[in-house]
$ cat query16.tsv   # TSV, C-alpha atoms
chain	number	residue	atom	x	y	z
N	1	MET	CA	-15.87	-19.07	-11.05
N	2	ALA	CA	-18.77	-21.35	-10.29
N	3	VAL	CA	-20.05	-23.98	-12.70
N	4	LEU	CA	-23.82	-24.18	-12.37
N	5	PRO	CA	-26.58	-26.19	-14.05
N	6	ALA	CA	-28.27	-24.39	-16.94
N	7	LEU	CA	-31.57	-26.20	-16.42
N	8	ASP	CA	-34.44	-23.66	-16.23
N	9	VAL	CA	-32.08	-20.67	-16.50
N	10	VAL	CA	-33.39	-17.87	-18.72
N	11	PHE	CA	-30.61	-15.79	-20.22
N	12	ASP	CA	-31.00	-12.08	-21.03
N	13	PHE	CA	-29.63	-12.54	-24.56
N	14	GLU	CA	-28.00	-15.14	-26.77
N	15	MET	CA	-24.62	-15.10	-28.45
N	16	PRO	CA	-23.30	-18.13	-30.37
N	17	VAL	CA	-19.67	-17.67	-29.23
N	18	VAL	CA	-18.50	-15.97	-26.05
N	19	ILE	CA	-14.78	-15.68	-25.43
N	20	VAL	CA	-13.67	-15.04	-21.86
N	21	GLY	CA	-10.53	-12.92	-21.79
N	22	ALA	CA	-8.91	-10.56	-24.28
N	23	GLY	CA	-5.37	-11.87	-24.12
N	24	ALA	CA	-3.64	-13.29	-27.18
N	25	CYS	CA	-5.41	-16.64	-26.90
N	26	GLY	CA	-8.86	-15.11	-26.56
N	27	LEU	CA	-8.34	-12.57	-29.33
N	28	VAL	CA	-7.02	-15.18	-31.77
N	29	ALA	CA	-9.92	-17.52	-30.87
N	30	ALA	CA	-12.37	-14.69	-31.50
N	31	LEU	CA	-10.83	-13.95	-34.90
N	32	ALA	CA	-10.94	-17.65	-35.84
N	33	ALA	CA	-14.59	-18.02	-34.80
N	34	HIS	CA	-15.49	-14.83	-36.66
N	35	ASP	CA	-13.69	-16.02	-39.79
N	36	ALA	CA	-15.65	-19.28	-39.53
N	37	GLY	CA	-18.87	-17.24	-39.77
N	38	GLN	CA	-19.80	-17.06	-36.10
N	39	GLU	CA	-21.10	-14.04	-34.22
N	40	VAL	CA	-18.63	-13.48	-31.39
N	41	MET	CA	-18.44	-11.47	-28.19
N	42	ILE	CA	-15.34	-11.13	-26.00
N	43	LEU	CA	-15.77	-10.48	-22.28
N	44	GLU	CA	-12.70	-8.88	-20.67
N	45	ARG	CA	-12.39	-8.36	-16.92
N	46	ASP	CA	-10.16	-5.27	-17.15
N	47	SER	CA	-11.08	-1.86	-18.51
N	48	ASN	CA	-8.00	-1.94	-20.74
N	49	PRO	CA	-6.99	-5.41	-21.99
N	50	THR	CA	-3.39	-6.03	-21.04
N	51	GLY	CA	-2.79	-9.11	-18.90
N	52	SER	CA	0.06	-11.56	-19.34
N	53	THR	CA	0.25	-11.06	-23.12
N	54	SER	CA	1.25	-7.43	-22.64
N	55	LEU	CA	3.82	-8.42	-20.03
N	56	SER	CA	5.47	-10.96	-22.35
N	57	ALA	CA	7.86	-10.53	-25.25
N	58	GLY	CA	4.97	-11.34	-27.58
N	59	LEU	CA	6.89	-14.18	-29.26
N	60	ILE	CA	5.20	-17.21	-30.81
N	61	PRO	CA	7.10	-20.32	-31.93
N	62	ALA	CA	5.86	-21.75	-35.20
N	63	PRO	CA	7.35	-23.96	-37.92
N	64	CYS	CA	6.94	-23.72	-41.69
N	65	THR	CA	5.78	-20.11	-41.88
N	66	ARG	CA	6.31	-18.04	-44.96
N	67	LEU	CA	8.83	-15.98	-42.98
N	68	GLN	CA	10.87	-19.10	-42.19
N	69	LYS	CA	10.70	-20.22	-45.80
N	70	LYS	CA	11.81	-16.77	-46.99
N	71	ALA	CA	14.80	-16.96	-44.60
N	72	GLY	CA	15.70	-20.45	-45.90
N	73	ILE	CA	15.03	-22.18	-42.58
N	74	ASP	CA	14.32	-25.88	-42.91
N	75	ASP	CA	11.78	-26.84	-40.23
N	76	SER	CA	8.86	-29.21	-39.78
N	77	PRO	CA	5.94	-29.76	-37.40
N	78	GLU	CA	7.51	-33.07	-36.42
N	79	LEU	CA	10.80	-31.42	-35.42
N	80	PHE	CA	8.96	-28.69	-33.49
N	81	ALA	CA	6.82	-31.29	-31.71
N	82	GLN	CA	9.93	-33.21	-30.68
N	83	ASP	CA	11.51	-29.99	-29.40
N	84	LEU	CA	8.39	-29.38	-27.29
N	85	VAL	CA	8.49	-32.90	-25.85
N	86	ASP	CA	12.20	-32.57	-25.10
N	87	LYS	CA	11.78	-29.10	-23.57
N	88	THR	CA	9.15	-30.44	-21.16
N	89	HIS	CA	11.26	-33.51	-20.34
N	90	GLY	CA	8.59	-35.83	-21.71
N	91	HIS	CA	5.69	-34.28	-19.78
N	92	THR	CA	3.98	-33.34	-23.06
N	93	SER	CA	2.65	-36.06	-25.30
N	94	TYR	CA	4.16	-36.08	-28.78
N	95	GLU	CA	0.67	-36.37	-30.34
N	96	MET	CA	-0.58	-33.23	-28.56
N	97	ALA	CA	2.62	-31.35	-29.37
N	98	LEU	CA	2.25	-32.35	-33.02
N	99	VAL	CA	-1.28	-30.93	-33.18
N	100	ALA	CA	0.03	-27.60	-31.88
N	101	ALA	CA	3.02	-27.75	-34.20
N	102	LYS	CA	0.91	-28.43	-37.29
N	103	THR	CA	-1.39	-25.48	-36.61
N	104	ALA	CA	1.08	-22.85	-35.36
N	105	GLY	CA	2.65	-22.02	-38.74
N	106	PRO	CA	-0.62	-21.61	-40.62
N	107	MET	CA	-1.92	-19.47	-37.73
N	108	ILE	CA	1.02	-17.07	-38.01
N	109	ASP	CA	0.54	-16.75	-41.78
N	110	TRP	CA	-3.24	-16.28	-41.31
N	111	LEU	CA	-2.76	-13.53	-38.70
N	112	MET	CA	-0.36	-11.71	-41.01
N	113	ASP	CA	-2.20	-12.23	-44.30
N	114	THR	CA	-5.85	-12.02	-43.26
N	115	HIS	CA	-5.72	-9.76	-40.23
N	116	LYS	CA	-2.64	-7.65	-41.04
N	117	VAL	CA	-0.91	-8.42	-37.74
N	118	GLU	CA	2.70	-7.35	-38.30
N	119	LEU	CA	5.10	-10.06	-37.21
N	120	GLU	CA	8.67	-10.89	-38.08
N	121	LEU	CA	10.93	-13.87	-37.61
N	122	VAL	CA	13.40	-13.45	-34.75
N	123	THR	CA	16.78	-14.29	-36.25
N	124	GLY	CA	19.20	-13.02	-33.61
N	125	PHE	CA	19.23	-16.21	-31.55
N	126	THR	CA	17.74	-19.68	-31.33
N	127	TYR	CA	15.23	-19.64	-28.48
N	128	PRO	CA	16.18	-22.04	-25.67
N	129	GLY	CA	14.83	-25.54	-26.31
N	130	HIS	CA	14.25	-24.97	-30.02
N	131	SER	CA	16.45	-26.48	-32.67
N	132	ARG	CA	15.48	-23.94	-35.35
N	133	LEU	CA	14.80	-20.23	-35.64
N	134	ARG	CA	11.00	-20.22	-35.29
N	135	MET	CA	10.07	-17.40	-32.93
N	136	HIS	CA	7.74	-14.81	-34.45
N	137	GLY	CA	6.81	-11.50	-32.88
N	138	PRO	CA	6.35	-7.79	-33.36
N	139	LYS	CA	9.34	-5.72	-34.38
N	140	SER	CA	9.46	-4.17	-30.89
N	141	ARG	CA	9.59	-7.61	-29.21
N	142	THR	CA	6.93	-6.49	-26.76
N	143	GLY	CA	3.76	-8.30	-25.87
N	144	ALA	CA	2.04	-4.93	-25.45
N	145	ASP	CA	2.52	-4.22	-29.16
N	146	PHE	CA	1.38	-7.73	-30.08
N	147	GLU	CA	-1.74	-7.26	-27.91
N	148	GLN	CA	-2.48	-3.92	-29.59
N	149	SER	CA	-2.13	-5.49	-33.06
N	150	LEU	CA	-4.59	-8.23	-32.12
N	151	LEU	CA	-7.01	-5.70	-30.59
N	152	ALA	CA	-6.86	-3.70	-33.84
N	153	ALA	CA	-7.59	-6.87	-35.84
N	154	VAL	CA	-10.58	-7.65	-33.60
N	155	SER	CA	-11.87	-4.10	-33.99
N	156	ASN	CA	-11.38	-4.17	-37.77
N	157	ALA	CA	-13.32	-7.45	-37.90
N	158	GLY	CA	-16.23	-5.83	-36.05
N	159	ILE	CA	-16.07	-8.22	-33.10
N	160	ASP	CA	-17.69	-6.93	-29.91
N	161	LEU	CA	-15.29	-6.52	-27.00
N	162	VAL	CA	-16.96	-5.78	-23.66
N	163	THR	CA	-14.51	-4.51	-21.06
N	164	ASP	CA	-14.99	-4.31	-17.30
N	165	ALA	CA	-16.93	-7.58	-17.65
N	166	SER	CA	-15.95	-10.08	-14.98
N	167	VAL	CA	-17.30	-13.54	-15.77
N	168	GLU	CA	-18.64	-14.90	-12.49
N	169	ASP	CA	-20.41	-18.15	-13.42
N	170	LEU	CA	-20.55	-20.72	-16.20
N	171	TYR	CA	-23.83	-22.54	-16.84
N	172	VAL	CA	-23.60	-26.05	-18.28
N	173	ASP	CA	-26.20	-28.43	-19.66
N	174	ASP	CA	-26.55	-32.04	-18.52
N	175	THR	CA	-23.73	-33.13	-20.87
N	176	GLY	CA	-21.31	-30.58	-19.41
N	177	ARG	CA	-21.46	-28.29	-22.45
N	178	VAL	CA	-21.31	-24.60	-21.56
N	179	ALA	CA	-24.72	-23.07	-22.28
N	180	GLY	CA	-24.22	-19.61	-20.82
N	181	VAL	CA	-22.27	-17.25	-18.64
N	182	ARG	CA	-23.05	-14.66	-16.00
N	183	PHE	CA	-20.83	-11.61	-15.90
N	184	ARG	CA	-20.67	-8.56	-13.70
N	185	ARG	CA	-19.93	-4.99	-14.73
N	186	PRO	CA	-19.38	-1.98	-12.46
$ encode --input "query16.tsv" --output "structure tokens"
Amino acid sequence: MAVLPALDVVFDFEMPVVIVGAGACGLVAALAAHDAGQEVMILERDSNPTGSTSLSAGLIPAPCTRLQKKAGIDDSPELFAQDLVDKTHGHTSYEMALVAAKTAGPMIDWLMDTHKVELELVTGFTYPGHSRLRMHGPKSRTGADFEQSLLAAVSNAGIDLVTDASVEDLYVDDTGRVAGVRFRRP
């Protein structure tokens, strides 16, 4: 993907938020931008969004969710952040891990409460590197089901998802801010 200057480029249309990729990260980002009042479009390279999310177990670690609280699990963002730092043998900064840890739990609750994504707390084992039960995922423990739940939430929110759209170029302004994209469709 080339990064090109946006100077003097005329775009065919404008969209405030463009998400590249319809995996879990892209779909959650699209839902968050939509909930913040933005008009959003998702561009997905494949005709049927699957990717690495569908190949995974669809599990998300998160502390302090309502599911953890209901199960009586004592956890904290600080403990989760330390587990992340320890799991990466110090290659992750504690401050960055703490940001992720503080937002993961509220994100799980938001997906379940606002967007009706069905998740449950995995209680059969403590995931390697975690000191508490904090893995959340679909009942089937498949990323394909998690992906389908997120796609349903995006559809229910009325967010445009354009498939078979391969993003070829990013256009940036003189500050490096992305000002546009060029994508190709068959």
$ closest_atom_pairs --input "query16.tsv" --of "range 66-154 of chain N" --to "range 25-33 of chain N" --cutoff "9 Å" --atoms "all atoms listed in the file" --output "tab-separated table"
residue	atom	partner	partner_atom	distance
N:Met107	CA	N:Val28	CA	8.9
N:Leu111	CA	N:Val28	CA	8.3
N:His115	CA	N:Leu31	CA	8.5
N:Glu147	CA	N:Leu27	CA	8.6
N:Leu150	CA	N:Leu27	CA	6.4
N:Leu151	CA	N:Leu27	CA	7.1
N:Ala153	CA	N:Leu31	CA	7.8
N:Val154	CA	N:Leu31	CA	6.4
$ atom_distance --input "query16.tsv" --atom1 "CA of Phe80 in chain N" --atom2 "CA of Ile108 in chain N"
14.8 Å
$ residues_around --input "query16.tsv" --residues "Gln82 in chain N" --least-positions-apart "2" --cutoff "12 Å" --atoms "only C-alpha atoms" --output "MDAnalysis selection string"
chainID N and resid 75:80 84:101 129:132
$ closest_residue --input "query16.tsv" --among "N:Ala144, N:Ile159, N:Ile73, N:Cys64" --to "Ala24 in chain N" --atoms "all atoms listed in the file"
N:Ala144
$ atom_distance --input "query16.tsv" --atom1 "CA of Phe146 in chain N" --atom2 "CA of Glu168 in chain N"
27.6 Å
$ closest_residue --input "query16.tsv" --among "N:Val178, N:Asp74, N:Gly124, N:Arg141" --to "Ile19 in chain N" --atoms "all atoms listed in the file"
N:Val178
$ atom_distance --input "query16.tsv" --atom1 "CA of Asp173 in chain N" --atom2 "CA of Asp12 in chain N"
17.1 Å
$ residues_around --input "query16.tsv" --residues "Glu39 in chain N" --least-positions-apart "5" --cutoff "10 Å" --atoms "all atoms listed in the file" --output "number ranges by chain"
N: 15-18, 30, 33-34, 158-160
$ residues_around --input "query16.tsv" --residues "range 103-106 of chain N" --least-positions-apart "6" --cutoff "8 Å" --atoms "only C-alpha atoms" --output "list in words"
Pro61, Ala62, Pro63, Cys64 and Thr65 of chain N
$ residues_around --input "query16.tsv" --residues "Val167 in chain N" --least-positions-apart "4" --cutoff "10 Å" --atoms "all atoms listed in the file" --output "list in words"
Met1, Ala2, Val20, Gly21, Leu43, Glu44, Arg45, Val181, Arg182, Phe183, Arg184 and Arg185 of chain N
$ closest_residue --input "query16.tsv" --among "N:Asp46, N:Asp8, N:Glu14, N:Asp35" --to "Ser166 in chain N" --atoms "only C-alpha atoms"
N:Asp46
$ residues_around --input "query16.tsv" --residues "Ile60 in chain N" --least-positions-apart "6" --cutoff "7 Å" --atoms "only C-alpha atoms" --output "list in words"
Met135, His136 and Gly137 of chain N
$ write_last_selection --input "query16.tsv" --atoms "C-alpha atoms" --output "PDB file, in the coordinates of the input"
ATOM      1  CA  MET N 135      10.070 -17.400 -32.930  1.00  0.00           C
ATOM      2  CA  HIS N 136       7.740 -14.810 -34.450  1.00  0.00           C
ATOM      3  CA  GLY N 137       6.810 -11.500 -32.880  1.00  0.00           C
TER       4      GLY N 137
END
$ residues_near_point --input "query16.tsv" --point "(-21.7, -22.9, -13.4)" --cutoff "8 Å" --atoms "all atoms listed in the file" --output "list of chain:residue names"
N:Met1, N:Ala2, N:Val3, N:Leu4, N:Pro5, N:Ala6, N:Asp169, N:Leu170, N:Tyr171, N:Val172, N:Val181
